[in-house]
Structures are given as structure tokens and as C-alpha cells.
$ cat data.cif   # mmCIF, C-alpha atoms
data_query
loop_
_atom_site.label_atom_id
_atom_site.label_comp_id
_atom_site.auth_asym_id
_atom_site.auth_seq_id
_atom_site.Cartn_x
_atom_site.Cartn_y
_atom_site.Cartn_z
CA MET A 1 -13.35 10.89 -18.39
CA GLY A 2 -14.74 12.91 -21.27
CA GLN A 3 -15.80 11.46 -24.59
CA GLY A 4 -13.26 8.97 -25.84
CA ILE A 5 -11.81 5.50 -25.39
CA ALA A 6 -9.78 4.21 -22.46
CA VAL A 7 -7.50 1.17 -22.68
CA ILE A 8 -6.27 -0.31 -19.38
CA PRO A 9 -4.16 -3.50 -19.49
CA THR A 10 -3.58 -5.68 -16.46
CA ALA A 11 -0.12 -6.60 -15.20
CA PRO A 12 2.01 -9.18 -17.02
CA GLU A 13 3.07 -12.47 -15.49
CA VAL A 14 6.70 -12.39 -14.33
CA ALA A 15 9.08 -15.35 -14.45
CA ARG A 16 10.79 -16.17 -11.16
CA ASN A 17 13.19 -18.73 -12.61
CA ALA A 18 13.45 -21.12 -15.52
CA ASP A 19 10.15 -22.91 -15.06
CA ALA A 20 8.15 -20.94 -12.51
CA HIS A 21 6.47 -17.57 -12.17
CA TYR A 22 6.01 -15.27 -9.23
CA ASP A 23 2.52 -15.53 -7.77
CA TYR A 24 0.38 -13.49 -10.13
CA ARG A 25 -0.88 -10.11 -8.96
CA HIS A 26 -3.19 -8.04 -11.18
CA ASP A 27 -2.69 -4.36 -12.00
CA SER A 28 -4.49 -2.28 -9.37
CA HIS A 29 -6.09 0.18 -11.81
CA PHE A 30 -7.34 -2.66 -13.99
CA TYR A 31 -8.76 -4.60 -11.05
CA TYR A 32 -10.34 -1.45 -9.55
CA LEU A 33 -12.42 -1.02 -12.72
CA SER A 34 -13.05 -4.67 -13.61
CA GLY A 35 -12.79 -7.01 -10.62
CA PHE A 36 -11.15 -9.47 -13.05
CA ALA A 37 -8.05 -11.15 -11.65
CA GLU A 38 -6.75 -13.26 -14.56
CA PRO A 39 -3.57 -12.34 -16.45
CA GLU A 40 -3.48 -11.49 -20.17
CA ALA A 41 -6.47 -9.17 -20.02
CA VAL A 42 -7.28 -5.64 -21.20
CA LEU A 43 -10.24 -3.46 -20.31
CA VAL A 44 -11.63 -1.02 -22.88
CA LEU A 45 -14.08 1.68 -21.82
CA ILE A 46 -15.92 3.89 -24.30
CA ALA A 47 -17.59 7.09 -23.13
CA GLY A 48 -19.86 9.18 -25.31
CA LYS A 49 -23.40 8.86 -26.57
CA ALA A 50 -23.04 5.11 -26.05
CA MET A 51 -21.24 3.83 -22.94
CA GLN A 52 -19.49 0.49 -23.23
CA SER A 53 -17.25 -1.72 -21.14
CA ILE A 54 -15.38 -4.37 -23.10
CA LEU A 55 -13.00 -7.04 -21.83
CA PHE A 56 -10.32 -8.85 -23.79
CA CYS A 57 -9.14 -12.02 -22.04
CA ARG A 58 -7.77 -15.52 -22.57
CA GLU A 59 -10.00 -17.99 -24.36
CA LYS A 60 -11.18 -21.20 -22.73
CA ASN A 61 -8.55 -23.88 -23.26
CA PRO A 62 -9.26 -27.27 -21.65
CA GLU A 63 -5.72 -28.51 -22.24
CA ARG A 64 -4.05 -25.49 -20.62
CA GLU A 65 -6.60 -25.51 -17.81
CA ILE A 66 -5.46 -29.03 -16.88
CA TRP A 67 -2.01 -27.57 -16.21
CA ASP A 68 -2.68 -23.98 -15.10
CA GLY A 69 -6.22 -23.91 -13.73
CA PHE A 70 -9.59 -22.45 -14.60
CA ARG A 71 -10.09 -19.67 -17.12
CA ASN A 72 -13.35 -17.76 -17.45
CA GLY A 73 -13.09 -17.21 -21.19
CA PRO A 74 -14.83 -14.28 -22.91
CA ASP A 75 -18.41 -15.56 -22.70
CA ALA A 76 -18.38 -16.34 -18.98
CA ALA A 77 -16.40 -13.19 -18.21
CA ALA A 78 -19.01 -11.01 -19.89
CA GLU A 79 -21.82 -12.76 -18.02
CA HIS A 80 -20.25 -12.99 -14.57
CA PHE A 81 -18.49 -9.63 -14.43
CA GLY A 82 -21.07 -7.49 -16.18
CA PHE A 83 -19.13 -6.37 -19.26
CA ASP A 84 -21.10 -5.26 -22.29
CA ALA A 85 -18.93 -7.48 -24.45
CA ALA A 86 -15.85 -9.69 -24.21
CA TYR A 87 -13.44 -10.97 -26.84
CA PRO A 88 -10.36 -13.20 -27.00
CA ILE A 89 -7.17 -11.33 -26.18
CA ALA A 90 -5.73 -12.41 -29.55
CA GLN A 91 -8.25 -10.11 -31.25
CA LEU A 92 -7.23 -7.03 -29.29
CA ASP A 93 -5.33 -5.07 -31.93
CA GLU A 94 -7.87 -5.76 -34.66
CA LYS A 95 -10.89 -4.89 -32.53
CA LEU A 96 -9.15 -1.93 -30.94
CA ALA A 97 -8.60 -0.32 -34.33
CA GLU A 98 -12.36 -0.55 -34.92
CA LEU A 99 -13.26 0.75 -31.46
CA MET A 100 -10.78 3.61 -31.64
CA ALA A 101 -12.23 4.98 -34.89
CA ASP A 102 -13.77 8.45 -34.53
CA GLN A 103 -12.99 8.68 -30.83
CA PRO A 104 -11.62 12.15 -30.02
CA THR A 105 -9.40 11.11 -27.09
CA LEU A 106 -7.36 8.03 -26.22
CA TYR A 107 -6.87 7.45 -22.50
CA TYR A 108 -4.25 4.92 -21.40
CA PRO A 109 -1.57 4.49 -18.68
CA MET A 110 1.02 6.71 -20.33
CA GLY A 111 4.58 5.76 -19.50
CA ALA A 112 3.65 2.78 -17.35
CA SER A 113 4.94 0.34 -19.98
CA SER A 114 7.02 1.22 -23.03
CA GLU A 115 5.66 -1.90 -24.72
CA TRP A 116 2.05 -0.77 -24.28
CA ASP A 117 2.89 2.81 -25.23
CA ALA A 118 4.28 1.56 -28.53
CA ARG A 119 1.47 -0.92 -29.12
CA LEU A 120 -1.36 1.56 -28.61
CA LEU A 121 0.32 4.24 -30.69
CA LYS A 122 0.76 1.68 -33.47
CA VAL A 123 -2.99 0.93 -33.39
CA ARG A 124 -3.67 4.67 -33.49
CA GLU A 125 -1.46 4.96 -36.56
CA ALA A 126 -3.44 2.15 -38.20
CA VAL A 127 -6.64 4.14 -37.61
CA LYS A 128 -4.99 7.26 -39.01
CA ALA A 129 -4.20 5.36 -42.20
CA LYS A 130 -7.97 5.14 -42.86
CA SER A 131 -8.42 8.91 -42.89
CA ARG A 132 -9.28 8.93 -46.63
CA SER A 133 -12.28 6.80 -45.76
CA GLY A 134 -13.49 9.57 -43.46
CA ILE A 135 -12.37 7.77 -40.29
CA GLN A 136 -10.59 9.86 -37.69
CA ALA A 137 -8.08 8.67 -35.10
CA PRO A 138 -7.99 10.12 -31.57
CA SER A 139 -6.38 13.55 -31.79
CA HIS A 140 -5.75 13.80 -28.03
CA LEU A 141 -3.82 11.48 -25.73
CA ARG A 142 -4.43 11.54 -21.99
CA ASP A 143 -3.01 9.64 -19.05
CA VAL A 144 -5.85 7.60 -17.60
CA GLN A 145 -3.83 7.14 -14.40
CA GLU A 146 -4.44 10.77 -13.42
CA LEU A 147 -8.18 10.19 -13.39
CA LEU A 148 -7.99 6.81 -11.68
CA ASN A 149 -5.60 8.07 -9.00
CA GLU A 150 -8.18 10.64 -7.93
CA MET A 151 -11.02 8.12 -8.04
CA ARG A 152 -9.11 5.63 -5.89
CA LEU A 153 -8.17 8.22 -3.30
CA ILE A 154 -11.71 8.23 -1.86
CA LYS A 155 -12.82 4.79 -0.65
CA ASP A 156 -16.52 3.92 -0.80
CA TYR A 157 -18.26 1.87 1.87
CA LEU A 158 -17.52 -1.43 0.13
CA GLU A 159 -13.82 -0.65 -0.04
CA GLN A 160 -13.84 0.51 3.57
CA GLY A 161 -15.40 -2.79 4.58
CA ILE A 162 -12.66 -4.81 2.87
CA MET A 163 -9.98 -2.64 4.44
CA ARG A 164 -11.50 -3.14 7.92
CA ARG A 165 -11.33 -6.90 7.40
CA ALA A 166 -7.74 -6.70 6.15
CA ALA A 167 -6.88 -4.59 9.19
CA THR A 168 -8.56 -7.05 11.58
CA ILE A 169 -6.64 -10.01 10.13
CA SER A 170 -3.39 -8.08 10.31
CA CYS A 171 -4.03 -7.05 13.91
CA GLU A 172 -4.50 -10.69 14.84
CA ALA A 173 -1.23 -11.53 13.09
CA HIS A 174 0.63 -8.93 15.17
CA ARG A 175 -0.95 -10.26 18.36
CA ARG A 176 0.05 -13.79 17.38
CA ALA A 177 3.62 -12.60 16.79
CA MET A 178 3.75 -10.95 20.21
CA ARG A 179 2.53 -14.09 21.95
CA PHE A 180 4.98 -16.26 20.03
CA THR A 181 8.17 -14.21 20.33
CA ARG A 182 10.92 -15.28 22.76
CA PRO A 183 14.68 -14.77 22.95
CA GLY A 184 16.64 -17.28 20.87
CA GLN A 185 14.22 -17.44 17.97
CA PHE A 186 15.06 -16.13 14.52
CA GLU A 187 13.29 -13.26 12.80
CA TYR A 188 12.02 -15.58 10.08
CA GLU A 189 10.27 -17.76 12.67
CA VAL A 190 8.19 -14.75 13.71
CA GLU A 191 7.57 -13.90 10.06
CA ALA A 192 6.17 -17.41 9.60
CA GLU A 193 3.61 -16.74 12.35
CA LEU A 194 2.47 -13.61 10.54
CA LEU A 195 2.04 -15.43 7.25
CA HIS A 196 0.21 -18.29 8.97
CA GLU A 197 -2.33 -15.90 10.46
CA PHE A 198 -2.83 -14.06 7.16
CA CYS A 199 -3.41 -17.27 5.24
CA SER A 200 -5.65 -18.78 7.92
CA HIS A 201 -8.16 -16.01 7.29
CA GLY A 202 -8.13 -16.12 3.50
CA ALA A 203 -5.49 -13.44 2.94
CA ARG A 204 -3.09 -15.53 0.88
CA HIS A 205 -0.41 -12.88 0.52
CA PRO A 206 1.20 -10.09 2.50
CA ALA A 207 0.60 -6.64 1.06
CA TYR A 208 4.37 -6.11 1.00
CA THR A 209 7.48 -7.91 2.19
CA SER A 210 7.22 -8.11 5.97
CA ILE A 211 9.83 -6.32 8.05
CA VAL A 212 10.78 -8.36 11.12
CA ALA A 213 13.73 -6.49 12.60
CA GLY A 214 15.33 -7.30 15.93
CA GLY A 215 17.73 -5.02 17.79
CA ALA A 216 19.91 -2.85 15.55
CA ASN A 217 18.10 -4.14 12.44
CA ALA A 218 15.13 -1.97 13.42
CA CYS A 219 17.24 1.09 12.63
CA THR A 220 17.27 0.08 8.95
CA LEU A 221 13.97 1.42 7.63
CA HIS A 222 13.43 -1.16 4.88
CA TYR A 223 15.11 -4.14 6.50
CA VAL A 224 13.77 -7.36 4.97
CA GLY A 225 16.58 -9.86 5.65
CA ASN A 226 14.53 -11.39 8.48
CA ASN A 227 17.27 -13.93 9.21
CA ALA A 228 18.94 -12.76 12.44
CA PRO A 229 18.56 -14.28 15.92
CA LEU A 230 16.48 -12.45 18.51
CA HIS A 231 18.36 -11.45 21.65
CA ASP A 232 17.14 -11.04 25.21
CA GLY A 233 16.93 -7.33 26.04
CA ASP A 234 16.42 -6.13 22.44
CA LEU A 235 13.30 -4.76 20.81
CA LEU A 236 11.58 -6.33 17.79
CA LEU A 237 10.02 -4.07 15.16
CA ILE A 238 7.43 -5.70 12.91
CA ASP A 239 6.01 -3.85 9.91
CA ALA A 240 3.53 -6.21 8.25
CA GLY A 241 0.06 -6.33 6.80
CA CYS A 242 -1.99 -8.64 4.62
CA GLU A 243 -3.63 -8.05 1.27
CA LEU A 244 -7.30 -9.03 1.12
CA GLU A 245 -9.37 -8.90 -2.07
CA GLY A 246 -6.85 -6.50 -3.56
CA TYR A 247 -6.65 -4.11 -0.57
CA ALA A 248 -3.72 -3.66 1.80
CA ALA A 249 -3.29 -3.30 5.53
CA ASP A 250 -0.07 -1.78 6.91
CA ILE A 251 0.74 -2.04 10.62
CA THR A 252 3.92 -1.55 12.62
CA ARG A 253 4.38 -2.55 16.22
CA THR A 254 7.55 -2.57 18.30
CA PHE A 255 7.88 -4.65 21.45
CA PRO A 256 10.51 -6.20 23.75
CA ILE A 257 11.65 -9.66 22.74
CA ASN A 258 11.61 -10.82 26.38
CA GLY A 259 8.18 -9.28 27.01
CA LYS A 260 9.30 -6.44 29.28
CA PHE A 261 10.43 -2.94 28.26
CA SER A 262 13.61 -1.66 29.85
CA ALA A 263 13.52 1.83 31.34
CA ALA A 264 15.38 3.34 28.35
CA GLN A 265 13.22 1.49 25.84
CA LYS A 266 10.07 2.63 27.61
CA ASP A 267 11.23 6.27 27.61
CA VAL A 268 11.74 6.26 23.85
CA TYR A 269 8.60 4.24 23.19
CA GLN A 270 6.36 6.63 25.13
CA ILE A 271 7.66 9.56 23.08
CA VAL A 272 6.91 7.82 19.78
CA LEU A 273 3.48 6.75 21.04
CA ALA A 274 2.65 10.30 22.13
CA SER A 275 3.73 11.62 18.75
CA GLN A 276 1.47 9.12 17.03
CA GLU A 277 -1.47 10.07 19.21
CA ALA A 278 -0.95 13.72 18.29
CA ALA A 279 -0.73 12.84 14.60
CA ILE A 280 -3.88 10.72 14.67
CA SER A 281 -5.75 13.56 16.38
CA ALA A 282 -4.71 15.84 13.52
CA ALA A 283 -5.93 13.38 10.86
CA ARG A 284 -9.40 14.80 10.38
CA PRO A 285 -11.43 16.38 7.57
CA GLY A 286 -10.52 19.99 6.87
CA ASN A 287 -6.92 19.60 8.03
CA THR A 288 -4.17 19.34 5.45
CA TRP A 289 -2.26 16.18 4.59
CA ASP A 290 0.77 17.69 6.31
CA ALA A 291 -1.01 18.38 9.63
CA PRO A 292 -0.44 14.91 11.18
CA HIS A 293 3.26 15.04 10.25
CA GLN A 294 3.72 18.46 11.82
CA ALA A 295 1.89 17.36 14.97
CA ALA A 296 4.15 14.30 15.28
CA LEU A 297 7.30 16.33 14.67
CA ARG A 298 6.63 18.73 17.54
CA VAL A 299 6.17 15.90 20.03
CA LEU A 300 9.22 14.04 18.74
CA ALA A 301 11.38 17.17 18.84
CA GLN A 302 10.51 17.79 22.50
CA GLY A 303 11.11 14.12 23.27
CA PHE A 304 14.51 14.13 21.60
CA ILE A 305 15.45 17.20 23.66
CA ASP A 306 14.33 15.44 26.83
CA LEU A 307 16.44 12.39 25.91
CA LYS A 308 19.43 14.67 25.21
CA LEU A 309 19.49 13.50 21.60
CA CYS A 310 18.88 17.05 20.35
CA GLN A 311 19.81 20.40 21.87
CA GLY A 312 17.99 23.72 21.94
CA SER A 313 14.32 24.60 21.73
CA VAL A 314 11.61 22.73 19.87
CA GLU A 315 11.56 25.53 17.30
CA SER A 316 15.31 25.35 16.71
CA VAL A 317 15.28 21.57 16.43
CA LEU A 318 12.54 21.81 13.82
CA GLU A 319 14.20 24.68 11.98
CA THR A 320 17.64 23.07 11.80
CA GLU A 321 16.11 19.62 11.21
CA SER A 322 18.53 18.10 13.70
CA TYR A 323 15.76 15.61 14.52
CA LYS A 324 16.43 13.92 11.17
CA GLN A 325 19.35 12.03 12.70
CA PHE A 326 16.69 10.01 14.54
CA TYR A 327 13.55 10.47 12.45
CA MET A 328 14.14 10.79 8.73
CA HIS A 329 10.86 9.84 7.05
CA ARG A 330 7.41 11.36 6.86
CA THR A 331 4.56 10.30 9.10
CA GLY A 332 2.37 8.46 6.62
CA HIS A 333 1.17 7.67 3.11
CA TRP A 334 -2.08 6.90 1.34
CA LEU A 335 -3.32 3.33 1.74
CA GLY A 336 -5.63 1.27 -0.46
CA MET A 337 -5.13 -1.26 -3.23
CA ASP A 338 -1.43 -0.45 -3.13
CA VAL A 339 0.29 -0.21 0.21
CA HIS A 340 1.72 3.13 -0.91
CA ASP A 341 -1.50 4.02 -2.64
CA VAL A 342 -2.07 6.44 -5.49
CA GLY A 343 -3.18 10.06 -5.11
CA GLU A 344 -1.38 13.37 -5.07
CA TYR A 345 -0.30 14.83 -1.74
CA LYS A 346 -0.33 18.39 -3.04
CA VAL A 347 -2.81 20.19 -5.31
CA ASP A 348 -1.68 23.36 -7.07
CA GLY A 349 1.39 23.42 -4.86
CA GLN A 350 -0.59 23.27 -1.60
CA TRP A 351 -0.98 20.32 0.76
CA ARG A 352 -4.20 18.48 0.00
CA THR A 353 -7.11 18.85 2.40
CA LEU A 354 -8.17 15.60 4.06
CA GLN A 355 -11.68 14.40 3.18
CA SER A 356 -13.99 11.68 4.40
CA GLY A 357 -13.17 8.38 2.67
CA MET A 358 -9.43 8.94 2.43
CA THR A 359 -7.30 6.27 4.13
CA LEU A 360 -3.76 6.84 5.30
CA THR A 361 -1.12 5.43 7.58
CA VAL A 362 0.17 7.28 10.64
CA GLU A 363 3.64 5.99 11.47
CA PRO A 364 6.13 8.13 13.39
CA GLY A 365 9.31 6.52 14.61
CA CYS A 366 12.68 6.92 16.27
CA TYR A 367 15.87 5.19 15.11
CA ILE A 368 18.92 5.62 17.32
CA ARG A 369 22.17 4.35 15.87
CA PRO A 370 25.43 4.37 17.84
CA ALA A 371 27.04 7.82 17.65
CA ASP A 372 29.26 10.06 19.73
CA ASN A 373 26.36 12.41 20.48
CA VAL A 374 24.04 9.61 21.65
CA PRO A 375 23.84 8.22 25.21
CA GLN A 376 25.03 4.62 25.06
CA GLU A 377 21.97 3.23 26.82
CA LEU A 378 19.90 4.36 23.79
CA TRP A 379 22.08 2.77 21.11
CA ASN A 380 20.31 0.49 18.60
CA ILE A 381 16.81 1.33 19.78
CA GLY A 382 14.54 1.42 16.72
CA ILE A 383 10.84 2.08 17.26
CA ARG A 384 7.99 2.70 14.83
CA ILE A 385 4.27 2.63 15.61
CA GLU A 386 1.93 2.55 12.61
CA ASP A 387 -1.83 2.42 12.26
CA ASP A 388 -4.27 2.61 9.36
CA VAL A 389 -6.62 5.58 9.66
CA LEU A 390 -9.83 6.21 7.74
CA ILE A 391 -10.96 9.84 7.57
CA THR A 392 -14.64 10.06 8.54
CA PRO A 393 -17.10 12.95 8.20
CA HIS A 394 -16.37 14.20 11.72
CA GLY A 395 -12.92 12.81 12.57
CA ASN A 396 -11.31 9.44 11.92
CA GLU A 397 -11.52 5.72 12.54
CA VAL A 398 -8.38 3.80 13.47
CA LEU A 399 -8.88 0.56 11.56
CA THR A 400 -5.98 -1.19 13.31
CA GLN A 401 -6.72 -0.31 16.93
CA GLN A 402 -7.03 -3.98 17.89
CA ALA A 403 -3.27 -4.48 17.70
CA PRO A 404 -1.83 -3.84 21.21
CA LYS A 405 0.01 -0.53 21.33
CA THR A 406 0.48 0.82 24.84
CA VAL A 407 3.30 -0.49 27.02
CA GLU A 408 0.76 -2.13 29.33
CA GLN A 409 -1.19 -3.75 26.48
CA ILE A 410 1.95 -5.14 24.87
CA GLU A 411 3.40 -6.55 28.09
CA GLU A 412 0.05 -8.12 28.95
CA GLU A 413 -0.21 -9.70 25.47
CA MET A 414 3.30 -11.12 25.78
CA ARG A 415 2.94 -12.48 29.28
CA HIS A 416 3.92 -16.14 28.93
CA GLU A 417 2.14 -18.37 31.39
#
$ encode --input "data.cif" --output "C-alpha cells"
Amino acid sequence: MGQGIAVIPTAPEVARNADAHYDYRHDSHFYYLSGFAEPEAVLVLIAGKAMQSILFCREKNPEREIWDGFRNGPDAAAEHFGFDAAYPIAQLDEKLAELMADQPTLYYPMGASSEWDARLLKVREAVKAKSRSGIQAPSHLRDVQELLNEMRLIKDYLEQGIMRRAATISCEAHRRAMRFTRPGQFEYEVEAELLHEFCSHGARHPAYTSIVAGGANACTLHYVGNNAPLHDGDLLLIDAGCELEGYAADITRTFPINGKFSAAQKDVYQIVLASQEAAISAARPGNTWDAPHQAALRVLAQGFIDLKLCQGSVESVLETESYKQFYMHRTGHWLGMDVHDVGEYKVDGQWRTLQSGMTLTVEPGCYIRPADNVPQELWNIGIRIEDDVLITPHGNEVLTQQAPKTVEQIEEEMRHE
């Protein structure tokens, strides 16, 4: 950020129904810069000869705190969170007009909220109205999200530590789900085990809506109904991870509901696992973002040929994209404060080069729906295997390796005594 003023509001509270709100979740950019988790707050940063960090937040209100809980208030917020100054949120527009005066550039999350776009431009117009007094309004507008997206793409050691803990909790949740699962249960019963494990370790919320998909439901990529019975002989795909201190984990495991892979299930599973191993090996500094995806595709293409799902050579399957009948998504995404975290995947039209501190998911899959060109013994097999991978100076660290993944590990975990 060059000389100027940045204004970053947190997320609004959202009503769930007439007299209740959804559990509050801060804006990730705001929290990344402030560590302040209360609603109705705005961070103002001033860069130039004098550097300032200023918070606007709710005032102390003993009556409201009886109903809604503790508020820091401006004085305590400034002291506890290290801001240079803090003011009541009700003073934002007035103070902002003063702070914006003679700043050359206004940085804010452009387009993220039409309400905030209008509000900040209105304050800028109020500053412009003082031009005859020699006061200048910012002449340049810049999207602060572009800068923050790049900052957040590289995780420092503190962030990495939180993400390891989130990954460990999530691994334990997947192990708990494997040990719990039996034919005759419902998907939501397994989901409850995941949530119990998250909460038991201080991760109050999942990072996203958990996918607990038995049988044919696993062939729907974003299945979140989680209300179907689990049948003997089917697979169960679980895509779930907790959020801890603002950071997400994201794990997928697929396993047999009765604890034992059938021959057909094992054949497909081993192909997906091999493709993931190839992709993880390609996730290293100096390789491009696209390298893990391409590595996974080659293994999957050969596997689909072997299963008679695709015909021809590996090259022809890749060229014609016939594999997309069974694998239609990419092999990963950035991971951090958001489960699909910020950061560009291409720079100047070229795939970004992986660097130490980047964190991504590696998640190939295979989804076989009933079709005339599909052997019947493979119908309704949906498999995805996903891990969280931190790029290190000389390779990578699989943060989620504690969740059982091989056929042998899974069957051992699920062995019911």
C-alpha cells in the first residue's frame, strides 16, 4: 500500500429468521489485519509520513451486554488489540472525512458491498466540498482486496501453526466418523460425530457445510442434504473440516460403510489414491499451480482406460477430455482463512509458480454415474481424496496426513471389535 488511507469494514450480521441471527462470522480481510471479531467494526489504516491504525467499533453498553454479551468498546479495543486509536462506530463518517483529507489514494474493498461503495464515495464527496479551504480529497481509488489477496496467499509461521491445529482436529473428526459408521445409520448421524469432534477441541464451527454423501449421493459434488440412510455395500464420501481461529481445514475421505472395500470399489479407489500421490509430489516450490492437476489427470486417464471407462491412449483421453464424464473439477484450490482462499491462480496469463508458505488442497476424484458406456459394477461409485498441503522451501508438508487414507489404514480404522 502506497501513501493513502485504507478503509476495511467487517462483515454485517445476517438475520436467520424473525428474532435470530446466523452465528456471526467476521470478514476475513478485516480479521486478518485486526484480530478483532466483533460485528459493527471498521478498520482504518493510514500510510505516509505518519502510520496509523484506527478502529471504529461498538461502544460499551451494559444494558445490551446483558442480552448479547461482552463488548470491548473503543478504549479496551485500542489497549488490547494494539490500535493507535479507537472510536465509536457512530462517529465513523464524521471522523473519516477528517482522516481522508489530503490523502492521495483511497483503498477499500471495491465492489464487495454496494452499500459501502456508496457510503465511502459520499464521504469522499464531503471532503471534496472543502476544496476551497485548501483540503484535497483522494484523487485515486484502489481496490484494497488486490493487495490483501496477495498478502494472504503466503502464510507465516503463526498462520501455519493454526492451520496445523485445524488439520489435526479435522483428521480426528474423520477418524471418529470412520469408527462410528455402520449400515443403517443416516448421513446426518455421521455429520453429528464430525461436529462433536470439532467442538470438543475448541473449533466451534465447520469451515463449510459438511458433505456426508452415501452411495449415489457421492456423485453429486456439492451434496449437502445429509439426510439419506447408509446402505451396506455402498461407499461414504465425507468432505469436512473445521475452522479454528479464523483458519480452515478441508479434508475428504471416502470409505466403505460396512468397513470393507469391494473389489470394484478398491480398483477405483486405488486409481484416485495414485493420482493424488502424483499430484502431491508435484506440489513443490518452482512448479506451477497447474502441475499437480496435470499430474493427477495423467494417472486418472490411464486408470479410466484400465477400467474401460475411457477408450484410446492417455494422450487422446486428455486431448478429447473424455475423462470429464468421471472427473469434472480441478485438483485443488488455495486454503487459508477462507476454505476457497484468496489469491490469483494466474499472473500475467501464466500459471502462478508455487512458493514456500502457500497452502492448497489436493483433491482428485472419480464420480461414476449410471450410463450405457459404464460397466454396471461401477455404477454410483463416487470417490474423492483430499488433503491440505503446505508448500515448504524444499517440497511440501501434508498437514492432514493423520486421517487414514490407504485401503489398509481405512479398513483397520473401521474394524469393529
$ residues_around --input "data.cif" --residues "region 71-85 of chain A" --least-positions-apart "6" --cutoff "6 Å" --atoms "only C-alpha atoms" --output "PyMOL selection string"
chain A and resi 53-54+58-60
$ resolve_selection --input "data.cif" --expression "the PyMOL selection byres ((chain A and resi 213) around 7)" --output "compact mmCIF listing (two decimals) with C-alpha atoms, in the coordinates of the input"
# COMPACT_ATOMS: atom_id res chain seq x y z
CA GLU A 187 13.29 -13.26 12.80
CA ILE A 211 9.83 -6.32 8.05
CA VAL A 212 10.78 -8.36 11.12
CA GLY A 214 15.33 -7.30 15.93
CA GLY A 215 17.73 -5.02 17.79
CA ASN A 217 18.10 -4.14 12.44
CA ALA A 218 15.13 -1.97 13.42
CA TYR A 223 15.11 -4.14 6.50
CA ASN A 226 14.53 -11.39 8.48
CA LEU A 236 11.58 -6.33 17.79
CA LEU A 237 10.02 -4.07 15.16
CA ILE A 238 7.43 -5.70 12.91
$ atom_distance --input "data.cif" --atom1 "CA of Asp267 (chain A)" --atom2 "CA of Gln402 (chain A)"
23.1 Å
$ residues_around --input "data.cif" --residues "Asp232 (chain A)" --least-positions-apart "5" --cutoff "8 Å" --atoms "only C-alpha atoms" --output "list in words"
Arg182, Pro183, Gly184, Ile257 and Asn258 of chain A
$ closest_residue --input "data.cif" --among "A:Met110, A:Val144, A:Met178, A:Ala97" --to "Met414 (chain A)" --atoms "all atoms listed in the file"
A:Met178
$ closest_residue --input "data.cif" --among "A:Ser34, A:Gln325, A:Gln294, A:Gln376" --to "Ile280 (chain A)" --atoms "all atoms listed in the file"
A:Gln294
$ closest_residue --input "data.cif" --among "A:Gln276, A:Gln265, A:Gln350, A:Thr220" --to "Leu297 (chain A)" --atoms "all atoms listed in the file"
A:Gln276
$ closest_residue --input "data.cif" --among "A:Pro206, A:Ala283, A:Met51, A:Tyr107" --to "Asp23 (chain A)" --atoms "all atoms listed in the file"
A:Pro206
$ closest_residue --input "data.cif" --among "A:Glu38, A:Asp93, A:Thr252, A:Leu99" --to "Lys122 (chain A)" --atoms "all atoms listed in the file"
A:Asp93
$ closest_residue --input "data.cif" --among "A:Leu45, A:Ala216, A:Val347, A:Val407" --to "Lys260 (chain A)" --atoms "all atoms listed in the file"
A:Val407
$ atom_distance --input "data.cif" --atom1 "CA of Ile169 (chain A)" --atom2 "CA of Tyr327 (chain A)"
28.9 Å
$ atom_distance --input "data.cif" --atom1 "CA of Glu377 (chain A)" --atom2 "CA of Gly259 (chain A)"
18.6 Å
$ build_atoms --input "data.cif" --residues "region 188-204 of chain A" --atoms "N, CA and C atoms" --output "mmCIF file, in the coordinates of the input"
data_model
loop_
_atom_site.group_PDB
_atom_site.id
_atom_site.type_symbol
_atom_site.label_atom_id
_atom_site.label_comp_id
_atom_site.auth_asym_id
_atom_site.auth_seq_id
_atom_site.Cartn_x
_atom_site.Cartn_y
_atom_site.Cartn_z
ATOM 1 N N TYR A 188 12.872 -14.897 11.058
ATOM 2 C CA TYR A 188 12.020 -15.580 10.080
ATOM 3 C C TYR A 188 10.995 -16.496 10.747
ATOM 4 N N GLU A 189 11.264 -16.955 11.960
ATOM 5 C CA GLU A 189 10.270 -17.760 12.670
ATOM 6 C C GLU A 189 9.057 -16.907 13.028
ATOM 7 N N VAL A 190 9.298 -15.674 13.407
ATOM 8 C CA VAL A 190 8.190 -14.750 13.710
ATOM 9 C C VAL A 190 7.457 -14.397 12.425
ATOM 10 N N GLU A 191 8.206 -14.182 11.353
ATOM 11 C CA GLU A 191 7.570 -13.900 10.060
ATOM 12 C C GLU A 191 6.627 -15.031 9.669
ATOM 13 N N ALA A 192 7.019 -16.271 9.935
ATOM 14 C CA ALA A 192 6.170 -17.410 9.600
ATOM 15 C C ALA A 192 4.837 -17.357 10.342
ATOM 16 N N GLU A 193 4.864 -16.877 11.587
ATOM 17 C CA GLU A 193 3.610 -16.740 12.350
ATOM 18 C C GLU A 193 2.686 -15.704 11.714
ATOM 19 N N LEU A 194 3.261 -14.626 11.225
ATOM 20 C CA LEU A 194 2.470 -13.610 10.540
ATOM 21 C C LEU A 194 1.788 -14.195 9.309
ATOM 22 N N LEU A 195 2.576 -14.861 8.486
ATOM 23 C CA LEU A 195 2.040 -15.430 7.250
ATOM 24 C C LEU A 195 0.985 -16.492 7.534
ATOM 25 N N HIS A 196 1.191 -17.270 8.590
ATOM 26 C CA HIS A 196 0.210 -18.290 8.970
ATOM 27 C C HIS A 196 -1.123 -17.644 9.310
ATOM 28 N N GLU A 197 -1.080 -16.569 10.065
ATOM 29 C CA GLU A 197 -2.330 -15.900 10.460
ATOM 30 C C GLU A 197 -3.012 -15.264 9.255
ATOM 31 N N PHE A 198 -2.233 -14.637 8.370
ATOM 32 C CA PHE A 198 -2.830 -14.060 7.160
ATOM 33 C C PHE A 198 -3.578 -15.140 6.385
ATOM 34 N N CYS A 199 -2.865 -16.217 6.100
ATOM 35 C CA CYS A 199 -3.410 -17.270 5.240
ATOM 36 C C CYS A 199 -4.601 -17.972 5.898
ATOM 37 N N SER A 200 -4.561 -18.096 7.201
ATOM 38 C CA SER A 200 -5.650 -18.780 7.920
ATOM 39 C C SER A 200 -6.976 -18.063 7.765
ATOM 40 N N HIS A 201 -6.934 -16.791 7.428
ATOM 41 C CA HIS A 201 -8.160 -16.010 7.290
ATOM 42 C C HIS A 201 -8.447 -15.630 5.847
ATOM 43 N N GLY A 202 -7.820 -16.342 4.905
ATOM 44 C CA GLY A 202 -8.130 -16.120 3.500
ATOM 45 C C GLY A 202 -7.325 -15.036 2.832
ATOM 46 N N ALA A 203 -6.380 -14.429 3.543
ATOM 47 C CA ALA A 203 -5.490 -13.440 2.940
ATOM 48 C C ALA A 203 -4.209 -14.161 2.544
ATOM 49 N N ARG A 204 -4.152 -14.638 1.304
ATOM 50 C CA ARG A 204 -3.090 -15.530 0.880
ATOM 51 C C ARG A 204 -1.718 -14.864 0.851
#
